[in-house]
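Source file my_file_37.cif; content: mmCIF, C-alpha atoms.
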data_work
#
loop_
_atom_site.label_atom_id
_atom_site.label_comp_id
_atom_site.auth_asym_id
_atom_site.auth_seq_id
_atom_site.Cartn_x
_atom_site.Cartn_y
_atom_site.Cartn_z
CA MET S 1 0.00 0.00 0.00
CA SER S 2 1.52 3.30 -1.03
CA PRO S 3 1.64 6.01 1.70
CA ILE S 4 -0.61 9.01 1.42
CA ALA S 5 1.32 12.26 1.23
CA LEU S 6 -0.22 15.04 3.23
CA GLN S 7 1.02 18.58 2.56
CA GLN S 8 0.65 20.44 5.84
CA ASP S 9 1.83 23.51 7.71
CA ALA S 10 1.51 22.12 11.25
CA VAL S 11 2.51 18.85 12.86
CA GLU S 12 -0.32 16.28 12.61
CA PRO S 13 -1.48 14.40 15.76
CA VAL S 14 0.41 11.12 15.62
CA SER S 15 -1.15 8.26 17.58
CA THR S 16 0.56 5.68 19.76
CA ALA S 17 -2.51 3.43 19.53
CA VAL S 18 -2.42 0.00 17.87
CA ALA S 19 -4.80 -0.75 15.00
CA ARG S 20 -6.94 -3.74 16.09
CA LEU S 21 -9.76 -3.78 13.53
CA PRO S 22 -8.81 -3.04 9.90
CA LEU S 23 -11.62 -1.44 7.90
CA TRP S 24 -10.73 -0.51 4.32
CA GLY S 25 -7.76 1.13 2.67
CA ASP S 26 -5.49 2.54 5.37
CA LEU S 27 -8.29 2.99 7.93
CA ALA S 28 -8.59 0.96 11.14
CA LEU S 29 -10.05 1.11 14.65
CA ALA S 30 -7.97 0.96 17.82
CA ASP S 31 -10.85 0.28 20.27
CA PRO S 32 -13.64 -1.33 18.19
CA TRP S 33 -15.57 -2.63 21.22
CA PHE S 34 -16.95 0.87 21.76
CA LEU S 35 -19.11 0.26 18.69
CA VAL S 36 -21.33 -1.83 20.99
CA LEU S 37 -22.62 1.50 22.28
CA VAL S 38 -24.42 2.08 18.96
CA PRO S 39 -27.02 -0.73 19.26
CA VAL S 40 -27.30 -0.23 23.02
CA GLY S 41 -27.92 3.46 22.51
CA LEU S 42 -30.43 2.80 19.74
CA LEU S 43 -32.33 0.46 22.03
CA ALA S 44 -32.33 3.08 24.79
CA LEU S 45 -33.58 5.77 22.38
CA TRP S 46 -36.33 3.48 21.05
CA HIS S 47 -37.42 2.56 24.58
CA GLY S 48 -37.49 6.23 25.63
CA ARG S 49 -39.55 7.27 22.60
CA ARG S 50 -41.95 4.33 23.13
CA ARG S 51 -42.60 5.32 26.73
CA ALA S 52 -43.23 8.89 25.62
CA ARG S 53 -45.85 7.70 23.11
CA HIS S 54 -47.62 5.61 25.79
CA ALA S 55 -47.69 8.60 28.13
CA ALA S 56 -49.18 10.77 25.39
CA ALA S 57 -51.90 8.16 24.73
CA ARG S 58 -53.07 8.42 28.35
CA VAL S 59 -53.87 12.12 27.91
CA PRO S 60 -57.56 12.48 26.87
CA LEU S 61 -58.07 14.21 23.55
CA VAL S 62 -60.29 17.23 23.11
CA PRO S 63 -63.38 16.05 21.24
CA LEU S 64 -63.70 17.44 17.72
CA ALA S 65 -66.70 17.87 15.50
CA GLU S 66 -67.58 14.85 13.40
CA GLY S 67 -65.42 14.69 10.27
CA GLU S 68 -63.09 17.49 11.38
CA PRO S 69 -59.39 16.47 10.92
CA LEU S 70 -56.88 16.94 13.73
CA ALA S 71 -54.46 19.65 12.60
CA ARG S 72 -50.73 19.09 13.26
CA SER S 73 -48.55 22.01 14.36
CA LEU S 74 -45.16 22.89 12.81
CA ALA S 75 -43.42 21.59 15.94
CA GLN S 76 -45.18 18.26 15.56
CA ARG S 77 -44.20 18.00 11.90
CA LEU S 78 -40.53 18.69 12.77
CA ALA S 79 -40.42 16.51 15.86
CA TRP S 80 -38.35 13.90 13.98
CA ILE S 81 -35.33 16.24 14.07
CA VAL S 82 -34.67 15.61 17.78
CA PRO S 83 -34.27 11.81 17.57
CA VAL S 84 -32.17 12.18 14.41
CA LEU S 85 -29.80 14.56 16.23
CA GLN S 86 -29.65 12.17 19.18
CA LEU S 87 -28.87 9.29 16.86
CA ALA S 88 -26.14 11.27 15.05
CA ALA S 89 -24.54 12.28 18.36
CA LEU S 90 -24.61 8.65 19.54
CA VAL S 91 -23.05 7.23 16.37
CA LEU S 92 -20.36 9.91 16.09
CA ALA S 93 -19.40 9.64 19.77
CA SER S 94 -19.22 5.85 19.54
CA LEU S 95 -17.01 6.06 16.46
CA ALA S 96 -14.74 8.59 18.19
CA LEU S 97 -14.41 6.30 21.23
CA ALA S 98 -13.54 3.45 18.86
CA ARG S 99 -10.54 5.62 17.91
CA PRO S 100 -10.31 5.53 14.12
CA LEU S 101 -6.77 5.58 12.76
CA ARG S 102 -5.16 6.25 9.41
CA GLY S 103 -2.09 4.09 9.03
CA ASN S 104 1.17 4.35 7.10
CA VAL S 105 0.86 8.08 6.46
CA GLU S 106 3.74 10.09 5.05
CA LEU S 107 3.69 13.57 6.55
CA THR S 108 5.49 15.99 4.26
CA SER S 109 6.32 19.60 5.05
CA THR S 110 8.04 21.99 2.69
CA THR S 111 10.11 24.86 4.09
CA GLU S 112 12.89 27.06 2.81
CA GLY S 113 15.51 25.43 5.00
CA ILE S 114 19.19 26.35 5.08
CA ASP S 115 21.93 25.33 7.49
CA ILE S 116 23.67 28.50 8.64
CA CYS S 117 26.87 28.73 10.64
CA LEU S 118 27.35 32.15 12.23
CA VAL S 119 31.05 32.91 12.84
CA ILE S 120 31.65 35.85 15.21
CA ASP S 121 34.92 37.61 16.04
CA ARG S 122 35.36 37.97 19.81
CA SER S 123 38.81 39.54 19.88
CA SER S 124 39.30 42.47 22.29
CA SER S 125 38.98 45.03 19.49
CA MET S 126 35.26 44.24 19.39
CA GLU S 127 34.93 46.22 22.63
CA PHE S 128 35.31 49.45 20.64
CA GLN S 129 32.84 52.26 21.48
CA GLU S 130 32.12 55.18 19.19
CA ARG S 131 31.78 57.45 22.22
CA PRO S 132 31.78 57.04 26.02
CA GLY S 133 28.57 55.42 27.20
CA ALA S 134 27.68 54.05 23.77
CA PRO S 135 27.16 50.30 23.31
CA THR S 136 30.22 48.35 22.33
CA ARG S 137 30.63 47.00 18.82
CA PHE S 138 30.37 43.51 20.29
CA SER S 139 27.01 44.14 21.98
CA VAL S 140 25.62 45.62 18.76
CA VAL S 141 26.82 42.60 16.77
CA LYS S 142 25.27 40.15 19.25
CA GLU S 143 21.93 41.96 19.06
CA VAL S 144 21.80 42.08 15.26
CA VAL S 145 23.06 38.51 14.83
CA GLY S 146 20.55 37.27 17.41
CA ASP S 147 17.65 38.94 15.61
CA PHE S 148 18.77 37.51 12.28
CA ALA S 149 19.12 33.98 13.68
CA ALA S 150 15.76 34.11 15.48
CA ARG S 151 13.99 35.09 12.26
CA ARG S 152 15.56 32.22 10.35
CA MET S 153 14.81 29.68 13.09
CA THR S 154 11.16 30.57 13.73
CA ASP S 155 9.56 30.04 10.33
CA ARG S 156 9.55 33.68 9.31
CA GLU S 157 8.39 33.95 5.68
CA GLY S 158 8.52 30.19 5.29
CA ALA S 159 12.05 29.71 6.62
CA ALA S 160 13.00 27.05 9.14
CA ASP S 161 16.78 26.99 9.38
CA ASN S 162 19.24 25.18 11.59
CA VAL S 163 21.75 27.64 13.02
CA ALA S 164 25.14 27.05 14.67
CA ILE S 165 27.45 29.58 16.31
CA VAL S 166 31.24 29.60 16.24
CA SER S 167 33.23 32.36 17.92
CA PHE S 168 36.93 32.99 17.45
CA ALA S 169 39.94 34.93 18.63
CA LEU S 170 43.23 33.04 18.45
CA TYR S 171 41.28 29.76 18.32
CA PRO S 172 37.73 28.98 17.16
CA GLN S 173 35.15 27.65 19.60
CA LEU S 174 31.86 25.89 18.82
CA LEU S 175 29.34 27.58 21.10
CA LEU S 176 26.13 26.10 19.71
CA PRO S 177 25.69 23.08 17.40
CA PHE S 178 23.04 23.26 14.70
CA THR S 179 19.67 23.78 16.32
CA LEU S 180 16.21 25.33 15.94
CA ASP S 181 16.08 26.26 19.65
CA VAL S 182 15.84 30.05 19.70
CA ASP S 183 16.03 30.23 23.50
CA ALA S 184 19.28 28.26 23.52
CA LEU S 185 20.77 30.56 20.90
CA GLY S 186 19.71 33.66 22.84
CA GLY S 187 21.30 32.30 26.01
CA VAL S 188 24.58 31.55 24.23
CA LEU S 189 24.80 35.03 22.73
CA GLU S 190 23.93 36.68 26.02
CA ALA S 191 26.75 34.85 27.82
CA LEU S 192 29.30 35.39 25.02
CA GLU S 193 32.16 37.77 25.93
CA THR S 194 35.24 39.07 24.19
CA GLU S 195 38.61 37.46 24.79
CA LYS S 196 40.17 38.66 28.06
CA SER S 197 43.48 36.82 27.87
CA ARG S 198 46.32 38.65 26.08
CA GLU S 199 47.87 35.33 25.04
CA LEU S 200 44.66 34.26 23.27
CA ASP S 201 43.70 37.64 21.85
CA ALA S 202 44.14 37.47 18.07
CA THR S 203 42.10 37.28 14.87
CA GLY S 204 42.22 33.76 13.46
CA ILE S 205 39.81 34.06 10.53
CA GLY S 206 41.23 31.09 8.62
CA VAL S 207 40.98 28.57 11.47
CA ALA S 208 37.46 29.80 12.31
CA LEU S 209 36.31 29.36 8.72
CA ALA S 210 37.88 25.89 8.58
CA LYS S 211 35.97 24.99 11.76
CA ALA S 212 32.66 26.18 10.26
CA THR S 213 33.38 24.25 7.06
CA SER S 214 33.96 21.02 8.98
CA LEU S 215 30.61 21.48 10.74
CA LEU S 216 28.71 22.08 7.52
CA ARG S 217 30.42 19.18 5.75
CA GLU S 218 28.12 16.78 7.64
CA SER S 219 24.96 18.72 6.74
CA GLN S 220 22.40 17.25 4.33
CA ALA S 221 20.76 20.62 3.58
CA LYS S 222 20.50 21.74 -0.02
CA SER S 223 22.06 25.09 0.89
CA ARG S 224 24.83 25.62 3.45
CA ILE S 225 26.24 29.01 4.27
CA VAL S 226 28.69 30.69 6.62
CA VAL S 227 28.21 34.28 7.74
CA LEU S 228 31.60 35.41 9.06
CA LEU S 229 31.88 38.72 10.89
CA THR S 230 35.11 40.39 12.00
CA ASP S 231 36.45 43.87 12.71
CA GLY S 232 40.06 42.96 12.00
CA LEU S 233 42.39 41.18 9.61
CA GLU S 234 44.02 37.78 9.80
CA ASN S 235 47.04 37.65 12.13
CA VAL S 236 47.29 33.91 12.88
CA GLU S 237 49.59 31.73 10.79
CA ALA S 238 47.83 28.35 11.17
CA ILE S 239 45.37 28.43 8.22
CA GLN S 240 45.06 31.36 5.87
CA PRO S 241 41.54 32.59 5.02
CA ILE S 242 42.02 31.90 1.30
CA GLU S 243 42.98 28.29 2.03
CA ALA S 244 39.91 27.85 4.22
CA ALA S 245 37.75 29.47 1.54
CA GLN S 246 39.00 27.00 -1.05
CA LEU S 247 38.00 24.14 1.27
CA ALA S 248 34.53 25.66 1.67
CA ALA S 249 34.18 26.13 -2.08
CA GLU S 250 35.04 22.46 -2.68
CA GLU S 251 32.21 21.51 -0.31
CA GLY S 252 29.74 23.87 -2.02
CA ILE S 253 29.53 26.14 1.02
CA LYS S 254 28.98 29.87 0.55
CA VAL S 255 30.88 32.23 2.87
CA TYR S 256 29.44 35.72 3.35
CA THR S 257 32.07 37.96 4.92
CA ILE S 258 31.29 41.11 6.91
CA PHE S 259 33.90 43.64 7.95
CA ALA S 260 32.44 45.50 10.93
CA GLY S 261 35.33 47.91 11.57
CA PRO S 262 36.34 51.22 10.05
CA LYS S 263 37.98 51.13 6.61
CA VAL S 264 40.47 53.77 7.76
CA ILE S 265 42.29 53.96 11.11
CA VAL S 266 43.19 57.47 12.23
CA ARG S 267 46.32 57.85 14.36
CA ARG S 268 47.72 60.99 15.98
CA GLY S 269 51.38 61.53 16.71
CA LEU S 270 53.05 63.08 19.75
CA PHE S 271 52.99 66.52 18.17
CA GLY S 272 49.36 66.41 17.08
CA ASP S 273 50.05 65.23 13.59
CA ARG S 274 47.34 63.04 12.09
CA SER S 275 47.76 60.01 9.84
CA GLU S 276 45.24 57.73 8.18
CA ILE S 277 45.95 54.04 7.67
CA PRO S 278 43.60 52.30 5.19
CA ILE S 279 42.44 48.80 6.06
CA ASP S 280 42.93 46.25 3.30
CA THR S 281 39.85 44.04 3.14
CA ARG S 282 40.72 42.40 -0.17
CA GLU S 283 41.34 39.05 1.50
CA LEU S 284 37.82 38.99 2.97
CA GLU S 285 36.43 40.03 -0.39
CA ARG S 286 38.34 37.21 -2.06
CA VAL S 287 36.99 34.66 0.45
CA ALA S 288 33.41 35.60 -0.43
CA GLU S 289 34.17 35.63 -4.15
CA LEU S 290 35.77 32.16 -4.11
CA THR S 291 32.67 30.65 -2.52
CA GLY S 292 30.09 32.44 -4.66
CA ALA S 293 28.93 34.77 -1.90
CA ARG S 294 29.36 38.49 -1.14
CA PHE S 295 31.49 40.76 0.98
CA TYR S 296 29.93 43.55 3.08
CA HIS S 297 31.24 46.48 5.07
CA ALA S 298 29.17 47.87 7.94
CA GLU S 299 30.24 50.07 10.83
CA ARG S 300 26.93 51.29 12.26
CA LYS S 301 24.14 49.20 13.72
CA GLU S 302 21.73 50.22 10.97
CA ASP S 303 24.19 49.20 8.26
CA LEU S 304 24.85 45.87 9.96
CA ALA S 305 21.13 45.11 10.26
CA GLN S 306 20.72 45.90 6.57
CA VAL S 307 23.54 43.53 5.67
CA TYR S 308 21.96 40.61 7.51
CA ALA S 309 18.56 41.47 5.99
CA GLU S 310 20.11 41.34 2.51
CA ILE S 311 21.74 37.98 3.21
CA GLU S 312 18.41 36.74 4.49
CA GLY S 313 16.75 37.76 1.25
CA LEU S 314 19.41 36.14 -0.90
CA GLU S 315 19.40 32.77 0.84
CA ARG S 316 16.06 31.06 0.25
CA THR S 317 16.24 27.37 -0.63
CA GLU S 318 13.24 25.06 -0.57
CA ARG S 319 13.67 21.95 1.55
CA GLU S 320 11.14 19.15 1.85
CA GLU S 321 11.13 17.10 5.02
CA SER S 322 9.23 13.82 5.33
CA ARG S 323 8.52 11.51 8.22
CA PHE S 324 6.35 8.45 8.57
CA ALA S 325 3.77 7.78 11.25
CA GLU S 326 2.51 4.27 11.94
CA ASN S 327 -0.89 5.63 12.91
CA TYR S 328 -2.57 9.00 12.74
CA ASP S 329 -5.60 9.78 14.97
CA LEU S 330 -8.86 10.77 13.30
CA TYR S 331 -11.15 10.92 16.36
CA PRO S 332 -10.80 14.72 16.89
CA THR S 333 -12.74 15.27 13.66
CA LEU S 334 -15.69 13.27 15.09
CA LEU S 335 -15.90 14.65 18.61
CA LEU S 336 -16.91 18.20 17.72
CA PRO S 337 -19.83 17.18 15.43
CA ALA S 338 -21.00 14.68 18.08
CA LEU S 339 -21.01 17.34 20.77
CA LEU S 340 -22.76 19.83 18.48
CA ALA S 341 -25.50 17.33 17.54
CA TYR S 342 -26.08 16.45 21.20
CA LEU S 343 -26.36 20.09 22.28
CA LEU S 344 -28.79 20.86 19.45
CA ALA S 345 -30.94 17.87 20.46
CA VAL S 346 -31.02 18.98 24.12
CA LEU S 347 -31.83 22.59 23.25
CA SER S 348 -34.55 21.56 20.80
CA ALA S 349 -36.15 19.17 23.28
CA ALA S 350 -36.19 21.92 25.91
CA THR S 351 -37.64 24.61 23.63
CA TRP S 352 -39.63 24.30 20.39
CA ALA S 353 -39.83 20.46 20.44
CA ARG S 354 -40.73 20.16 24.11
CA ARG S 355 -43.32 17.45 24.82
CA LEU S 356 -45.95 17.74 27.52
CA PRO S 357 -46.13 14.85 30.02
#
Target format structure tokens, applied to this file:
Amino acid sequence: MSPIALQQDAVEPVSTAVARLPLWGDLALADPWFLVLVPVGLLALWHGRRRARHAAARVPLVPLAEGEPLARSLAQRLAWIVPVLQLAALVLASLALARPLRGNVELTSTTEGIDICLVIDRSSSMEFQERPGAPTRFSVVKEVVGDFAARRMTDREGAADNVAIVSFALYPQLLLPFTLDVDALGGVLEALETEKSRELDATGIGVALAKATSLLRESQAKSRIVVLLTDGLENVEAIQPIEAAQLAAEEGIKVYTIFAGPKVIVRRGLFGDRSEIPIDTRELERVAELTGARFYHAERKEDLAQVYAEIEGLERTEREESRFAENYDLYPTLLLPALLAYLLAVLSAATWARRLP
């Protein structure tokens, strides 16, 4: 029997019940003995209606003129509705208690899923403040990155992405494996601090990118990306960024690079002289180019938020996820109609269809 594919937006109620009475196709009942309630209930309804007719026969009729027919009211003509509603409520409730199941169902959901590894520089230079009292560059980055990740992990605009976080200074560190847990990600970012040790304070972009590539190598997603943010340039000799980028390109991994520092460093001498030192970001640009991605420069919070929004718009890849359920409960679709029919029968019997004793 081929499984029935159900396109759905929400998770279907999967049953742990065992199918005991096969019906037809992929339908079965888990508790078929509850069907005994149908004939028992029918007998009770018949007995109740029979007693009501006997009670009505004991009430003397008002004598009519000879040949005059006994007119029936609208309520009398519609009196059959009440027992029909009672019967429908009984049958539906009995079927629900019998727990109908649909077996061997393939539940398929389609999302725009991407595995994203966020690589964040935590060297001491990230503590830069534009002015006293202003938020540090690091706190701004954590806020913007957290917002971006939360949007991708919580089905915003059809996305449902697994996100991992790697931070780096001299060495890279996996802070969060791939997950859809937004609360876990928020807790990790909140606790993340810049490097305090002078011996470990460096900017190892190459080793961090190699770490992210090794994580994504095991991913089965159709699209895998790295979003690497730094405010400095490579100063660790272990693995050069270009070498790491070539490894990522071989794996089909895109690496978006973001330079979050100023493009020009201004220095003042002892005698007040001023010099400007341009920052060479060509290596970061080359990393993005080699992997088919883009390089961005953003110093202010607004610019950084715009960069992540643009990356979010560029990376949309449809991913279909399937899982199989042995049994899928159908009884919720019967309970509401049963309850509605019963309430209508009770209200009718107490109002327009009320019978005098």
- Message: Env of Phe295 of chain S: 9 Å cut, atoms = all atoms listed in the file, seq-sep filter 6 positions within chain, self excluded. Answer as a list in words.
- Response: Val255, Tyr256, Thr257, Ile258, Phe259, Leu284, Glu285, Arg286, Val287, Ala288 and Glu289 of chain S
Would you write out those residues with C-alpha atoms, as a short mmCIF file (atom, residue, chain, number, x, y, z; two decimals), in the frame of the given file?
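As written to disk, again-v4.cif reads:
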data_model
loop_
_atom_site.label_atom_id
_atom_site.label_comp_id
_atom_site.auth_asym_id
_atom_site.auth_seq_id
_atom_site.Cartn_x
_atom_site.Cartn_y
_atom_site.Cartn_z
CA VAL S 255 30.88 32.23 2.87
CA TYR S 256 29.44 35.72 3.35
CA THR S 257 32.07 37.96 4.92
CA ILE S 258 31.29 41.11 6.91
CA PHE S 259 33.90 43.64 7.95
CA LEU S 284 37.82 38.99 2.97
CA GLU S 285 36.43 40.03 -0.39
CA ARG S 286 38.34 37.21 -2.06
CA VAL S 287 36.99 34.66 0.45
CA ALA S 288 33.41 35.60 -0.43
CA GLU S 289 34.17 35.63 -4.15
#
- atom CA of Ile239 of chain S to atom CA of Ser124 of chain S, straight-line distance in Å: 20.8 Å
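Between atom CA of Glu283 of chain S and atom CA of Ala249 of chain S there is a distance of 15.2 Å.
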- How would you write, as a list in words, the residues chosen by the PyMOL selection byres ((chain S and resi 184-189) around 9) on this structure? Lys142, Glu143, Val145, Gly146, Ala149, Ala150, Val163, Ala164, Ile165, Leu175, Leu176, Thr179, Leu180, Asp181, Val182, Asp183, Glu190, Ala191, Leu192 and Glu193 of chain S
Please produce a file of the residues just selected, as a PDB file, in the frame of the given file, where the atoms kept are C-alpha atoms.
ATOM      1  CA  LYS S 142      25.270  40.150  19.250  1.00  0.00           C
ATOM      2  CA  GLU S 143      21.930  41.960  19.060  1.00  0.00           C
ATOM      3  CA  VAL S 145      23.060  38.510  14.830  1.00  0.00           C
ATOM      4  CA  GLY S 146      20.550  37.270  17.410  1.00  0.00           C
ATOM      5  CA  ALA S 149      19.120  33.980  13.680  1.00  0.00           C
ATOM      6  CA  ALA S 150      15.760  34.110  15.480  1.00  0.00           C
ATOM      7  CA  VAL S 163      21.750  27.640  13.020  1.00  0.00           C
ATOM      8  CA  ALA S 164      25.140  27.050  14.670  1.00  0.00           C
ATOM      9  CA  ILE S 165      27.450  29.580  16.310  1.00  0.00           C
ATOM     10  CA  LEU S 175      29.340  27.580  21.100  1.00  0.00           C
ATOM     11  CA  LEU S 176      26.130  26.100  19.710  1.00  0.00           C
ATOM     12  CA  THR S 179      19.670  23.780  16.320  1.00  0.00           C
ATOM     13  CA  LEU S 180      16.210  25.330  15.940  1.00  0.00           C
ATOM     14  CA  ASP S 181      16.080  26.260  19.650  1.00  0.00           C
ATOM     15  CA  VAL S 182      15.840  30.050  19.700  1.00  0.00           C
ATOM     16  CA  ASP S 183      16.030  30.230  23.500  1.00  0.00           C
ATOM     17  CA  GLU S 190      23.930  36.680  26.020  1.00  0.00           C
ATOM     18  CA  ALA S 191      26.750  34.850  27.820  1.00  0.00           C
ATOM     19  CA  LEU S 192      29.300  35.390  25.020  1.00  0.00           C
ATOM     20  CA  GLU S 193      32.160  37.770  25.930  1.00  0.00           C
TER      21      GLU S 193
END
- Task: Name the residues in contact with segment 194-208 of chain S at a cut-off of 6 Å, using all atoms listed in the file, excluding same-chain residues fewer than 4 positions from it; report them as a list in words.
- Result: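 The residues that qualify are Arg122, Ser123, Ser124, Ala169, Leu170, Pro172, Glu234, Asn235, Val236, Ile239, Gln240, Pro241 and Ala244 of chain S.
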- Item | Counting only C-alpha atoms, the residue of S:Ile116, S:Arg137, S:Leu233, S:Lys263 that sits nearest Met153 of chain S |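 Of the candidates, the smallest distance to Met153 of chain S is held by S:Ile116.
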- Query: Nearest to Val226 of chain S: which of S:Pro39, S:Gly292, S:Pro100, S:Pro135 is it, counting only C-alpha atoms?
  - Reply: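 Answer, going by the shortest atom-to-atom distance: S:Gly292.
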- Query: Between atom CA of Asp121 of chain S and atom CA of Glu302 of chain S, what is the distance, to one decimal in Å?
  - Reply: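 Straight-line distance from atom CA of Asp121 of chain S to atom CA of Glu302 of chain S works out to 18.9 Å.
Closest approach to Gln306 of chain S among S:Phe148, S:Phe138, S:Trp46, S:Phe34: S:Phe148, based on all atoms listed in the file.
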- Message: When you look at Ser219 of chain S with a cut-off of 12 Å (counting only C-alpha atoms), what residues show up, excluding the ones that are within fewer than 3 positions of it in the same chain? I need them as a ChimeraX atom specification.
- Response: /S:113-117,161-164,177-178,212-216,222-225,251-253
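Look at everything within 10 Å of (-13.1, 7.6, 23.2) using all atoms listed in the file, and the residues you get are Ala30, Asp31, Phe34, Ala93, Ser94, Leu95, Ala96, Leu97, Ala98, Arg99, Pro100, Tyr331, Pro332 and Leu335 of chain S.
Remark: for Ala238 of chain S, the closest of the candidate residues S:Ala89, S:Leu209, S:Val36, S:Ile279 is S:Leu209 (distances computed over all atoms listed in the file).
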- Go through S:Arg152, S:Gln173, S:Ser167, S:Leu343 one by one, measure the shortest atom-to-atom distance of each to Gly313 of chain S using only C-alpha atoms, and give the residue with the smallest value.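 Nearest candidate to Gly313 of chain S out of S:Arg152, S:Gln173, S:Ser167, S:Leu343: S:Arg152.
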- Which polymer residues, protein or nucleic acid, are no farther than 6 Å from (34.3, 47.7, 9.8), counting all atoms listed in the file, as a VMD selection string? chain S and resid 231 259 to 263 297 to 299
- Between S:Glu250, S:Glu315, S:Pro278, S:Leu35, which has the minimum distance to Thr291 of chain S (counting all atoms listed in the file)? S:Glu250
